[in-house]
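Colleague: One file: my_file.tsv (TSV, C-alpha atoms).
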```tsv
chain	number	residue	atom	x	y	z
A	1	MET	CA	19.42	-23.98	-14.11
A	2	SER	CA	18.85	-22.93	-17.72
A	3	LEU	CA	16.26	-25.73	-18.12
A	4	LEU	CA	14.50	-24.55	-14.96
A	5	SER	CA	14.46	-21.01	-16.32
A	6	ASP	CA	13.10	-22.27	-19.65
A	7	LEU	CA	10.28	-24.13	-17.90
A	8	ILE	CA	9.36	-21.15	-15.72
A	9	ASN	CA	9.13	-19.02	-18.86
A	10	LEU	CA	7.05	-21.47	-20.90
A	11	ASN	CA	4.41	-19.70	-22.96
A	12	LEU	CA	1.22	-21.64	-22.17
A	13	SER	CA	-0.78	-19.95	-24.93
A	14	ASP	CA	1.22	-21.95	-27.49
A	15	THR	CA	-0.43	-25.18	-26.37
A	16	THR	CA	-3.52	-24.47	-24.23
A	17	GLU	CA	-6.35	-22.00	-23.59
A	18	LYS	CA	-5.96	-22.64	-19.86
A	19	VAL	CA	-4.57	-19.92	-17.61
A	20	ILE	CA	-3.20	-19.74	-14.07
A	21	ALA	CA	-4.88	-17.44	-11.54
A	22	GLU	CA	-2.93	-16.56	-8.38
A	23	TYR	CA	-5.48	-15.77	-5.64
A	24	ILE	CA	-4.04	-13.28	-3.11
A	25	TRP	CA	-5.41	-12.40	0.32
A	26	ILE	CA	-4.34	-10.74	3.58
A	27	GLY	CA	-3.51	-13.09	6.46
A	28	GLY	CA	-4.22	-12.91	10.18
A	29	SER	CA	-1.63	-10.28	11.12
A	30	GLY	CA	-3.23	-7.79	8.74
A	31	MET	CA	0.09	-7.39	6.91
A	32	ASP	CA	1.08	-10.92	5.84
A	33	LEU	CA	0.09	-11.63	2.26
A	34	ARG	CA	-0.85	-15.18	1.28
A	35	SER	CA	-1.52	-16.66	-2.14
A	36	LYS	CA	-2.22	-19.88	-4.00
A	37	ALA	CA	-2.85	-20.71	-7.63
A	38	ARG	CA	-5.55	-22.50	-9.61
A	39	THR	CA	-6.13	-23.37	-13.25
A	40	LEU	CA	-8.94	-21.69	-15.17
A	41	PRO	CA	-10.36	-22.97	-18.51
A	42	GLY	CA	-9.60	-19.67	-20.30
A	43	PRO	CA	-8.67	-16.00	-19.92
A	44	VAL	CA	-10.66	-13.89	-17.41
A	45	SER	CA	-10.43	-10.14	-16.82
A	46	ASP	CA	-13.64	-9.51	-14.84
A	47	PRO	CA	-13.38	-10.52	-11.14
A	48	SER	CA	-17.14	-11.23	-11.02
A	49	LYS	CA	-16.58	-14.02	-13.57
A	50	LEU	CA	-14.03	-15.78	-11.34
A	51	PRO	CA	-15.02	-18.62	-9.01
A	52	LYS	CA	-14.91	-18.15	-5.25
A	53	TRP	CA	-12.35	-20.32	-3.52
A	54	ASN	CA	-11.48	-21.33	0.05
A	55	TYR	CA	-8.47	-21.81	2.31
A	56	ASP	CA	-7.55	-23.13	5.75
A	57	GLY	CA	-8.05	-20.14	8.04
A	58	SER	CA	-6.67	-22.04	11.04
A	59	SER	CA	-3.23	-21.91	9.37
A	60	THR	CA	-3.35	-18.13	8.87
A	61	GLY	CA	-4.72	-17.15	12.31
A	62	GLN	CA	-8.16	-16.37	10.87
A	63	ALA	CA	-10.35	-19.32	11.93
A	64	PRO	CA	-10.46	-22.09	14.57
A	65	GLY	CA	-9.31	-25.60	13.60
A	66	GLU	CA	-12.78	-27.11	14.09
A	67	ASP	CA	-14.34	-24.64	11.64
A	68	SER	CA	-11.39	-23.57	9.51
A	69	GLU	CA	-12.87	-22.89	6.08
A	70	VAL	CA	-12.62	-19.27	4.88
A	71	ILE	CA	-14.07	-18.23	1.52
A	72	LEU	CA	-12.19	-16.00	-0.94
A	73	TYR	CA	-14.21	-13.53	-3.02
A	74	PRO	CA	-12.29	-12.25	-6.08
A	75	GLN	CA	-12.37	-8.42	-6.18
A	76	ALA	CA	-9.68	-7.14	-8.58
A	77	VAL	CA	-7.66	-8.65	-11.43
A	78	PHE	CA	-4.14	-7.74	-12.59
A	79	ARG	CA	-1.84	-9.21	-15.22
A	80	ASP	CA	0.70	-11.62	-13.72
A	81	PRO	CA	4.23	-10.26	-14.34
A	82	PHE	CA	5.83	-13.51	-13.16
A	83	ARG	CA	3.95	-16.01	-15.34
A	84	ARG	CA	2.97	-13.46	-18.02
A	85	GLY	CA	0.78	-14.48	-20.97
A	86	ASN	CA	-2.92	-14.49	-20.04
A	87	ASN	CA	-2.18	-15.50	-16.44
A	88	ILE	CA	-3.53	-13.25	-13.69
A	89	LEU	CA	-3.15	-12.05	-10.11
A	90	VAL	CA	-6.44	-11.87	-8.22
A	91	ILE	CA	-6.88	-9.65	-5.15
A	92	CYS	CA	-9.48	-11.26	-2.87
A	93	ASP	CA	-11.17	-10.54	0.42
A	94	ALA	CA	-12.25	-13.16	2.93
A	95	TYR	CA	-15.63	-14.31	4.32
A	96	THR	CA	-17.13	-17.00	6.49
A	97	PRO	CA	-19.07	-19.78	4.69
A	98	ALA	CA	-22.24	-17.89	5.76
A	99	GLY	CA	-21.07	-14.83	3.80
A	100	GLU	CA	-20.00	-12.62	6.71
A	101	PRO	CA	-16.70	-10.70	6.31
A	102	ILE	CA	-14.08	-12.09	8.70
A	103	PRO	CA	-12.60	-9.60	11.23
A	104	THR	CA	-9.40	-9.02	9.22
A	105	ASN	CA	-11.39	-8.21	6.05
A	106	LYS	CA	-11.06	-4.42	6.01
A	107	ARG	CA	-12.00	-4.14	2.34
A	108	HIS	CA	-15.68	-4.94	2.96
A	109	HIS	CA	-16.26	-1.88	5.19
A	110	ALA	CA	-14.18	0.34	2.89
A	111	ALA	CA	-16.31	-0.69	-0.11
A	112	LYS	CA	-19.43	0.37	1.82
A	113	ILE	CA	-17.93	3.83	2.46
A	114	PHE	CA	-16.90	4.27	-1.16
A	115	SER	CA	-20.28	3.18	-2.49
A	116	HIS	CA	-22.11	5.75	-0.31
A	117	PRO	CA	-23.75	8.25	-2.72
A	118	ASP	CA	-22.14	11.28	-1.00
A	119	VAL	CA	-18.68	9.73	-1.38
A	120	ALA	CA	-19.18	8.35	-4.89
A	121	ALA	CA	-20.36	11.77	-6.11
A	122	GLU	CA	-17.08	13.35	-4.97
A	123	GLU	CA	-14.82	10.94	-6.95
A	124	THR	CA	-12.18	10.61	-4.23
A	125	TRP	CA	-8.64	10.44	-5.63
A	126	TYR	CA	-5.70	8.96	-3.72
A	127	GLY	CA	-1.97	8.90	-4.24
A	128	ILE	CA	-0.15	6.71	-1.73
A	129	GLU	CA	3.60	7.01	-1.11
A	130	GLN	CA	4.67	3.57	0.13
A	131	GLU	CA	8.04	3.56	1.90
A	132	TYR	CA	9.79	0.29	2.74
A	133	THR	CA	13.18	-1.04	3.86
A	134	LEU	CA	15.21	-3.82	2.25
A	135	LEU	CA	16.99	-6.07	4.77
A	136	GLN	CA	19.83	-8.58	4.45
A	137	LYS	CA	18.17	-11.97	4.81
A	138	ASP	CA	20.19	-13.69	7.54
A	139	VAL	CA	20.88	-10.72	9.81
A	140	LYS	CA	17.73	-8.58	9.28
A	141	TRP	CA	19.92	-5.48	8.91
A	142	PRO	CA	19.40	-2.92	6.11
A	143	LEU	CA	20.80	-3.71	2.69
A	144	GLY	CA	24.19	-2.05	2.15
A	145	TRP	CA	24.85	-1.49	5.86
A	146	PRO	CA	27.93	-3.14	7.42
A	147	VAL	CA	26.73	-6.07	9.54
A	148	GLY	CA	26.36	-4.84	13.13
A	149	GLY	CA	27.53	-1.38	12.09
A	150	TYR	CA	26.23	1.82	10.55
A	151	PRO	CA	26.80	3.74	7.32
A	152	GLY	CA	27.61	7.44	7.24
A	153	PRO	CA	24.89	9.82	8.49
A	154	GLN	CA	21.81	10.69	6.43
A	155	GLY	CA	22.18	13.26	3.69
A	156	PRO	CA	23.65	11.67	0.54
A	157	TYR	CA	21.13	8.82	0.22
A	158	TYR	CA	17.82	10.52	-0.63
A	159	CYS	CA	17.39	10.10	-4.41
A	160	GLY	CA	21.12	9.26	-4.41
A	161	ILE	CA	23.08	7.31	-6.99
A	162	GLY	CA	26.29	5.33	-6.70
A	163	ALA	CA	27.46	2.06	-5.17
A	164	ASP	CA	28.11	3.75	-1.82
A	165	LYS	CA	24.70	5.46	-1.64
A	166	ALA	CA	22.02	3.28	-3.31
A	167	TRP	CA	21.45	-0.38	-2.53
A	168	GLY	CA	18.73	-2.56	-4.09
A	169	ARG	CA	18.01	-0.55	-7.24
A	170	ASP	CA	17.66	-3.76	-9.30
A	171	ILE	CA	14.78	-4.81	-7.02
A	172	VAL	CA	13.21	-1.34	-7.18
A	173	ASP	CA	13.33	-1.09	-10.98
A	174	SER	CA	12.10	-4.67	-11.42
A	175	HIS	CA	9.15	-3.83	-9.18
A	176	TYR	CA	8.41	-0.59	-11.06
A	177	LYS	CA	8.23	-2.34	-14.43
A	178	ALA	CA	6.34	-5.35	-13.03
A	179	CYS	CA	3.65	-3.05	-11.59
A	180	LEU	CA	3.25	-1.22	-14.90
A	181	TYR	CA	2.98	-4.59	-16.67
A	182	ALA	CA	0.36	-5.75	-14.15
A	183	GLY	CA	-1.83	-2.71	-14.82
A	184	ILE	CA	-1.20	-1.04	-11.46
A	185	ASN	CA	-1.23	2.75	-11.61
A	186	ILE	CA	2.28	3.09	-10.16
A	187	SER	CA	3.42	6.67	-10.69
A	188	GLY	CA	7.05	6.71	-9.56
A	189	ILE	CA	9.89	5.48	-7.33
A	190	ASN	CA	12.75	7.07	-5.39
A	191	GLY	CA	15.51	6.29	-2.92
A	192	GLU	CA	14.68	7.46	0.59
A	193	VAL	CA	16.53	9.41	3.30
A	194	MET	CA	17.71	6.31	5.20
A	195	PRO	CA	20.04	4.08	3.16
A	196	GLY	CA	18.41	0.77	2.19
A	197	GLN	CA	15.00	2.45	2.23
A	198	TRP	CA	12.95	3.14	-0.92
A	199	GLU	CA	9.55	4.44	-1.91
A	200	PHE	CA	7.05	3.79	-4.67
A	201	GLN	CA	3.88	5.76	-5.34
A	202	VAL	CA	0.51	4.40	-6.45
A	203	GLY	CA	-2.12	6.73	-7.90
A	204	PRO	CA	-4.00	8.76	-8.61
A	205	SER	CA	-6.49	5.97	-7.98
A	206	VAL	CA	-10.21	6.36	-7.36
A	207	GLY	CA	-11.94	5.01	-4.25
A	208	ILE	CA	-11.53	1.34	-3.41
A	209	SER	CA	-9.10	0.77	-6.30
A	210	ALA	CA	-6.37	2.62	-4.35
A	211	GLY	CA	-6.38	-0.16	-1.75
A	212	ASP	CA	-6.55	-2.94	-4.36
A	213	GLU	CA	-3.64	-1.49	-6.30
A	214	LEU	CA	-1.43	-0.88	-3.26
A	215	TRP	CA	-1.94	-4.42	-1.95
A	216	ALA	CA	-1.19	-5.83	-5.42
A	217	ALA	CA	1.97	-3.70	-5.60
A	218	ARG	CA	3.04	-4.91	-2.14
A	219	TYR	CA	2.49	-8.51	-3.23
A	220	ILE	CA	4.61	-8.07	-6.37
A	221	LEU	CA	7.36	-6.38	-4.34
A	222	GLU	CA	7.52	-9.19	-1.80
A	223	ARG	CA	7.63	-11.80	-4.57
A	224	ILE	CA	10.56	-9.96	-6.16
A	225	THR	CA	12.45	-9.68	-2.86
A	226	GLU	CA	11.84	-13.43	-2.38
A	227	ILE	CA	13.55	-14.09	-5.74
A	228	ALA	CA	16.40	-11.71	-4.82
A	229	GLY	CA	16.94	-13.31	-1.40
A	230	VAL	CA	16.22	-10.04	0.41
A	231	VAL	CA	13.74	-9.42	3.25
A	232	LEU	CA	11.06	-6.74	2.80
A	233	SER	CA	10.16	-4.69	5.87
A	234	PHE	CA	7.23	-2.30	6.32
A	235	ASP	CA	8.25	-1.51	9.91
A	236	PRO	CA	7.62	2.23	10.50
A	237	LYS	CA	10.90	2.62	12.41
A	238	PRO	CA	13.18	-0.27	11.45
A	239	ILE	CA	16.33	1.28	12.97
A	240	GLN	CA	16.21	3.27	16.20
A	241	GLY	CA	18.23	6.45	16.52
A	242	ASP	CA	18.93	9.29	14.12
A	243	TRP	CA	17.39	7.58	11.08
A	244	ASN	CA	14.17	8.39	9.25
A	245	GLY	CA	11.21	6.08	9.74
A	246	ALA	CA	9.00	4.69	6.99
A	247	GLY	CA	5.54	6.04	6.24
A	248	ALA	CA	2.75	5.80	3.70
A	249	HIS	CA	1.85	9.44	3.10
A	250	THR	CA	-1.63	9.54	1.60
A	251	ASN	CA	-2.52	12.29	-0.87
A	252	TYR	CA	-6.23	12.98	-1.19
A	253	SER	CA	-8.66	15.13	-3.10
A	254	THR	CA	-12.36	15.27	-3.89
A	255	LYS	CA	-14.08	16.76	-6.92
A	256	SER	CA	-15.01	19.83	-4.83
A	257	MET	CA	-11.36	20.28	-3.79
A	258	ARG	CA	-10.19	20.07	-7.40
A	259	ASN	CA	-12.72	22.67	-8.58
A	260	ASP	CA	-12.48	26.44	-8.21
A	261	GLY	CA	-12.77	27.46	-4.56
A	262	GLY	CA	-11.43	24.06	-3.54
A	263	PHE	CA	-8.90	25.44	-1.04
A	264	GLU	CA	-11.76	26.41	1.30
A	265	VAL	CA	-13.13	22.86	1.02
A	266	ILE	CA	-9.63	21.52	1.81
A	267	LYS	CA	-9.37	23.68	4.94
A	268	LYS	CA	-12.76	22.45	6.21
A	269	ALA	CA	-11.74	18.83	5.55
A	270	ILE	CA	-8.46	19.31	7.44
A	271	GLU	CA	-10.37	20.83	10.37
A	272	LYS	CA	-12.53	17.69	10.57
A	273	LEU	CA	-9.45	15.45	10.40
A	274	GLY	CA	-7.99	17.38	13.33
A	275	LEU	CA	-11.11	16.76	15.41
A	276	ARG	CA	-10.73	12.99	14.86
A	277	HIS	CA	-6.93	12.91	15.17
A	278	LYS	CA	-6.84	10.22	17.88
A	279	GLU	CA	-9.19	7.90	15.99
A	280	HIS	CA	-7.11	8.22	12.83
A	281	ILE	CA	-3.80	7.64	14.62
A	282	ALA	CA	-5.24	4.48	16.20
A	283	ALA	CA	-6.03	3.14	12.71
A	284	TYR	CA	-2.90	4.34	10.89
A	285	GLY	CA	-0.51	1.45	11.57
A	286	GLU	CA	1.21	-0.50	14.36
A	287	GLY	CA	4.30	1.00	15.98
A	288	ASN	CA	3.67	4.45	14.55
A	289	GLU	CA	4.55	6.05	17.91
A	290	ARG	CA	8.18	5.07	17.22
A	291	ARG	CA	8.05	7.10	13.97
A	292	LEU	CA	5.87	10.12	14.78
A	293	THR	CA	8.23	11.80	17.25
A	294	GLY	CA	8.30	15.36	15.91
A	295	ARG	CA	11.71	14.65	14.36
A	296	HIS	CA	12.77	13.25	10.97
A	297	GLU	CA	10.07	15.05	8.97
A	298	THR	CA	7.16	14.07	11.24
A	299	ALA	CA	4.73	15.77	13.60
A	300	ASP	CA	4.51	14.44	17.16
A	301	ILE	CA	1.90	11.66	17.40
A	302	ASN	CA	-0.14	13.58	20.01
A	303	THR	CA	-0.15	16.86	18.08
A	304	PHE	CA	-2.25	17.75	15.06
A	305	LEU	CA	-1.02	20.58	12.90
A	306	TRP	CA	-1.18	21.45	9.23
A	307	GLY	CA	0.74	23.83	7.02
A	308	VAL	CA	1.70	24.74	3.49
A	309	ALA	CA	4.88	22.96	2.34
A	310	ASN	CA	5.59	21.88	5.95
A	311	ARG	CA	7.03	18.35	6.12
A	312	GLY	CA	6.93	18.48	9.91
A	313	ALA	CA	3.13	18.76	9.89
A	314	SER	CA	0.41	16.12	10.23
A	315	ILE	CA	-1.20	17.43	7.03
A	316	ARG	CA	0.80	19.17	4.33
A	317	VAL	CA	-0.72	21.33	1.60
A	318	GLY	CA	1.47	21.92	-1.44
A	319	ARG	CA	2.46	25.37	-2.67
A	320	ASP	CA	0.79	24.63	-6.03
A	321	THR	CA	-2.54	23.97	-4.30
A	322	GLU	CA	-2.29	27.17	-2.27
A	323	LYS	CA	-1.41	29.17	-5.39
A	324	ALA	CA	-4.17	27.66	-7.56
A	325	GLY	CA	-6.76	27.87	-4.78
A	326	LYS	CA	-7.66	24.22	-5.40
A	327	GLY	CA	-6.05	20.78	-5.51
A	328	TYR	CA	-5.21	18.18	-2.87
A	329	PHE	CA	-3.54	17.65	0.51
A	330	GLU	CA	-1.19	15.06	1.98
A	331	ASP	CA	-1.91	13.16	5.21
A	332	ARG	CA	1.61	12.42	6.49
A	333	ARG	CA	0.51	10.39	9.53
A	334	PRO	CA	-0.05	6.85	8.11
A	335	ALA	CA	2.75	4.37	8.87
A	336	SER	CA	4.33	2.22	6.18
A	337	ASN	CA	2.46	-0.82	7.54
A	338	MET	CA	-0.99	0.79	7.37
A	339	ASP	CA	-3.90	-0.94	5.65
A	340	PRO	CA	-4.81	1.20	2.63
A	341	TYR	CA	-8.44	0.04	2.78
A	342	VAL	CA	-8.68	1.43	6.33
A	343	VAL	CA	-6.79	4.69	5.70
A	344	THR	CA	-8.43	5.68	2.41
A	345	SER	CA	-11.97	4.92	3.55
A	346	MET	CA	-11.45	6.61	6.91
A	347	ILE	CA	-10.24	9.82	5.25
A	348	ALA	CA	-13.30	9.77	2.98
A	349	GLU	CA	-15.62	9.01	5.89
A	350	THR	CA	-14.25	11.80	8.11
A	351	THR	CA	-14.15	14.46	5.39
A	352	LEU	CA	-17.40	13.62	3.59
A	353	LEU	CA	-19.76	11.75	5.93
A	354	TRP	CA	-18.81	12.57	9.53
A	355	LYS	CA	-20.73	15.36	11.23
A	356	PRO	CA	-18.83	17.01	14.14
```
Any chance you could give the structure as structure tokens?
Modeller:
Amino acid sequence: MSLLSDLINLNLSDTTEKVIAEYIWIGGSGMDLRSKARTLPGPVSDPSKLPKWNYDGSSTGQAPGEDSEVILYPQAVFRDPFRRGNNILVICDAYTPAGEPIPTNKRHHAAKIFSHPDVAAEETWYGIEQEYTLLQKDVKWPLGWPVGGYPGPQGPYYCGIGADKAWGRDIVDSHYKACLYAGINISGINGEVMPGQWEFQVGPSVGISAGDELWAARYILERITEIAGVVLSFDPKPIQGDWNGAGAHTNYSTKSMRNDGGFEVIKKAIEKLGLRHKEHIAAYGEGNERRLTGRHETADINTFLWGVANRGASIRVGRDTEKAGKGYFEDRRPASNMDPYVVTSMIAETTLLWKP
């Protein structure tokens, strides 16, 4: 195994200018990440300088067998924490050979929203809190839980330490460092309320980059869990009963909200979000009705309410924002399996472009 490890860690720059680019895209379910690698003649950091590529869409549920070619357009580049050196990870979106975005390409529409002059002028900032659950591979039961049984009730696990309270920290810390290495704006990690559940935060990121960075961070996390022999779940309610679900709380601000008098702008934005509550819920992740029950730090899925420092609200405003009279708010409705391209662009569209 030591020889295998040596070969995996070979430094290519000692012998060649060539680099490896791992092209990453979202598969047919909207949550399954796919990737494949190709050799490039030299280092590249600008996605516009990378070649387009293709894949068999009939094998990912994205094209029929008789016309299966789907084209990958490189959109964002990150350093590769697995191969290191000058090797890169490339976040792509997918198009037909005629240049039309395929139905599962949510990035294309989001990019249109973020390039709208009224949105671009407001410099939308996002901070996404991505919760996830680590599962034992063969039984699909949370890491650290007795097989077929349950640990003690919630309480000691949130931000907990100790062998009887925190499981999977090696995966979590590996992911944290790998994201920093890659150039992702990861801002923190913590253990969550349900044992075996963790969270990382990405941001503040501007516009479309929030989605690119979160998908890249998800990719790196799933690669690390693959190495560790652990299953990664983004299910919003992985265990039924008196256990917290998993969300992707999305913090948001515009330039106007961050400036003096911004709290009034925040209140108007929240009012607009309330008027489109049903549309947002429909786009905020599959199975979210199992999570948004009005219990376990959630608002009921059919109810829209906001409050200062209220973790049982749809939208929470922090005490600091209220005190300063400017800042940001947190949309607590998105599920852990949401598409960040959809959620971030929809929040921008509703608050900045939509006219009630």
Colleague: Once you count all atoms listed in the file, what closest atom pair and distance in Å to one decimal does each residue of stretch 174-254 of chain A within 8 Å of stretch 134-156 of chain A have, with rows by chain and rising residue number, as JSON lines?
Modeller:
```
{"residue": "A:Val193", "atom": "CA", "partner": "A:Gln154", "partner_atom": "CA", "distance": 6.3}
{"residue": "A:Met194", "atom": "CA", "partner": "A:Gln154", "partner_atom": "CA", "distance": 6.1}
{"residue": "A:Pro195", "atom": "CA", "partner": "A:Gly144", "partner_atom": "CA", "distance": 7.5}
{"residue": "A:Gly196", "atom": "CA", "partner": "A:Leu143", "partner_atom": "CA", "distance": 5.1}
{"residue": "A:Gln197", "atom": "CA", "partner": "A:Leu134", "partner_atom": "CA", "distance": 6.3}
{"residue": "A:Trp198", "atom": "CA", "partner": "A:Leu134", "partner_atom": "CA", "distance": 8.0}
{"residue": "A:Gly229", "atom": "CA", "partner": "A:Lys137", "partner_atom": "CA", "distance": 6.5}
{"residue": "A:Val230", "atom": "CA", "partner": "A:Lys137", "partner_atom": "CA", "distance": 5.2}
{"residue": "A:Val231", "atom": "CA", "partner": "A:Leu135", "partner_atom": "CA", "distance": 4.9}
{"residue": "A:Leu232", "atom": "CA", "partner": "A:Leu134", "partner_atom": "CA", "distance": 5.1}
{"residue": "A:Ser233", "atom": "CA", "partner": "A:Leu134", "partner_atom": "CA", "distance": 6.3}
{"residue": "A:Trp243", "atom": "CA", "partner": "A:Gln154", "partner_atom": "CA", "distance": 7.1}
```
Colleague: Between atom CA of A:Lys278 and atom CA of A:Gln62, what is the distance in Å, rounded to a tenth?
Modeller: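 Going from atom CA of A:Lys278 over to atom CA of A:Gln62, I get 27.5 Å.
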Colleague: Can I get the residues of stretch 206-292 of chain A within 9 Å of stretch 66-83 of chain A, each with the closest pair of atoms and their distance in Å to one decimal, using all atoms listed in the file, sorted chain first then ascending number, as CSV?
Modeller:
```
residue,atom,partner,partner_atom,distance
A:Ser209,CA,A:Ala76,CA,8.3
A:Asp212,CA,A:Ala76,CA,6.7
A:Glu213,CA,A:Ala76,CA,8.6
A:Ala216,CA,A:Phe78,CA,8.0
A:Ile220,CA,A:Pro81,CA,8.3
A:Arg223,CA,A:Phe82,CA,8.9
```
Colleague: Report the closest atom pair, with its distance in Å rounded to one decimal, for each residue of stretch 172-277 of chain A that has an atom no farther than 9 Å from stretch 95-119 of chain A; count only C-alpha atoms, sort by chain and then rising residue number, and write it as CSV.
Modeller:
```
residue,atom,partner,partner_atom,distance
A:Gly207,CA,A:Phe114,CA,5.9
A:Ile208,CA,A:Ala111,CA,6.2
A:Gly211,CA,A:Arg107,CA,8.0
A:Asp212,CA,A:Arg107,CA,8.7
A:Thr254,CA,A:Val119,CA,8.8
```
Colleague: What's around A:Ala217 at 10 Å? Count only C-alpha atoms, leave out sequence neighbours fewer than 2 positions away in its own chain, and write the answer as a ChimeraX atom specification.
Modeller: /A:130,175-176,178-180,182,184-186,200-202,211-215,219-223
Colleague: May I have the protein, DNA and RNA residues with an atom at most 12 Å from (1.6, -19.7, -22.3), counting all atoms listed in the file in the file's coordinates, returned as a list in words?
Modeller: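 Checked against the point, the hits come out as Leu7, Ile8, Asn9, Leu10, Asn11, Leu12, Ser13, Asp14, Thr15, Thr16, Glu17, Lys18, Val19, Ile20, Gly42, Pro43, Asp80, Phe82, Arg83, Arg84, Gly85, Asn86, Asn87 and Ile88 of chain A.
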Colleague: Nearest residue to A:Asp56 out of A:Glu22, A:Lys36, A:Val44, A:Ala163, using only C-alpha atoms?
Modeller: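 Selected residue with least distance to A:Asp56: A:Lys36.
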Colleague: Which residue, A:Leu40, A:Ala313, A:Ala63, A:Ile189, has the smallest gap to A:Gly274 when you use all atoms listed in the file?
Modeller: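 Of A:Leu40, A:Ala313, A:Ala63, A:Ile189, the one nearest A:Gly274 is A:Ala313, counting all atoms listed in the file.
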Colleague: Write out as JSON lines a residue-level contact list of stretch 228-269 of chain A versus stretch 295-298 of chain A with cut-off 8 Å: for each qualifying residue the closest pair of atoms and the distance in Å to one decimal, counting only C-alpha atoms, rows sorted by chain and residue number upward.
Modeller:
```
{"residue": "A:Asp242", "atom": "CA", "partner": "A:His296", "partner_atom": "CA", "distance": 8.0}
{"residue": "A:Trp243", "atom": "CA", "partner": "A:His296", "partner_atom": "CA", "distance": 7.3}
{"residue": "A:Asn244", "atom": "CA", "partner": "A:His296", "partner_atom": "CA", "distance": 5.3}
{"residue": "A:Gly245", "atom": "CA", "partner": "A:His296", "partner_atom": "CA", "distance": 7.4}
```
Colleague: Just checking: using only C-alpha atoms, which residue out of A:Asp173, A:Val206, A:Asp331, A:Tyr23 ends up closest to A:Pro47?
Modeller: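 Of A:Asp173, A:Val206, A:Asp331, A:Tyr23, the one nearest A:Pro47 is A:Tyr23, counting only C-alpha atoms.
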Colleague: Just give me the gap between atom CA of A:Glu129 and atom CA of A:Thr250 in Å, one decimal is fine.
Modeller: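 Interatomic distance here is 6.4 Å.
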Colleague: Taking all atoms of stretch 137-154 of chain A that appear in the file, build a box with edges along x, y and z, extend it by 4 Å on every side, and state its centre and edge lengths in Å to one decimal, as AutoDock Vina command-line options.
Modeller:
```
--center_x 22.8 --center_y -1.5 --center_z 7.6 --size_x 18.2 --size_y 32.4 --size_z 19.0
```
Colleague: What is the distance, in Å and to one decimal place, between atom CA of A:Val90 and atom CA of A:Trp25?
Modeller: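 Atom CA of A:Trp25 lies at a distance of 8.6 Å from atom CA of A:Val90.
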Colleague: Can you tell me which residues surround A:Asn288 at a distance of at most 10 Å, considering only C-alpha atoms, apart from same-chain residues fewer than 4 positions away, and format the answer as a PyMOL selection string?
Modeller: chain A and resi 235-237+245-247+281-284+292-293+301+333-338
Colleague: Using all atoms listed in the file, find the one residue out of A:Gly318, A:Gly61, A:Pro51, A:Gly127 that sits nearest to A:Cys92.
Modeller: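 Looking at the shortest contact to A:Cys92, the residue is A:Pro51.
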Colleague: Go ahead and find all residues with at least one atom no further than 10 Å from (-19.3, 21.3, 13.6) in the file's coordinates, using all atoms listed in the file; report them as a PyMOL selection string.
Modeller: chain A and resi 268+271-272+275+354-356
Colleague: With distances taken over only C-alpha atoms, which residue among A:Gly312, A:Gly261, A:Gly162, A:Pro340 lies nearest A:Gly191?
Modeller: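 For A:Gly191, the nearest of the given residues is A:Gly162.
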Colleague: Could you tell me which of A:Thr350, A:Ser345, A:Asn302, A:Ser5 comes closest to A:Ile270 if we count all atoms listed in the file?
Modeller: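 Smallest separation from A:Ile270 among the options: A:Thr350.
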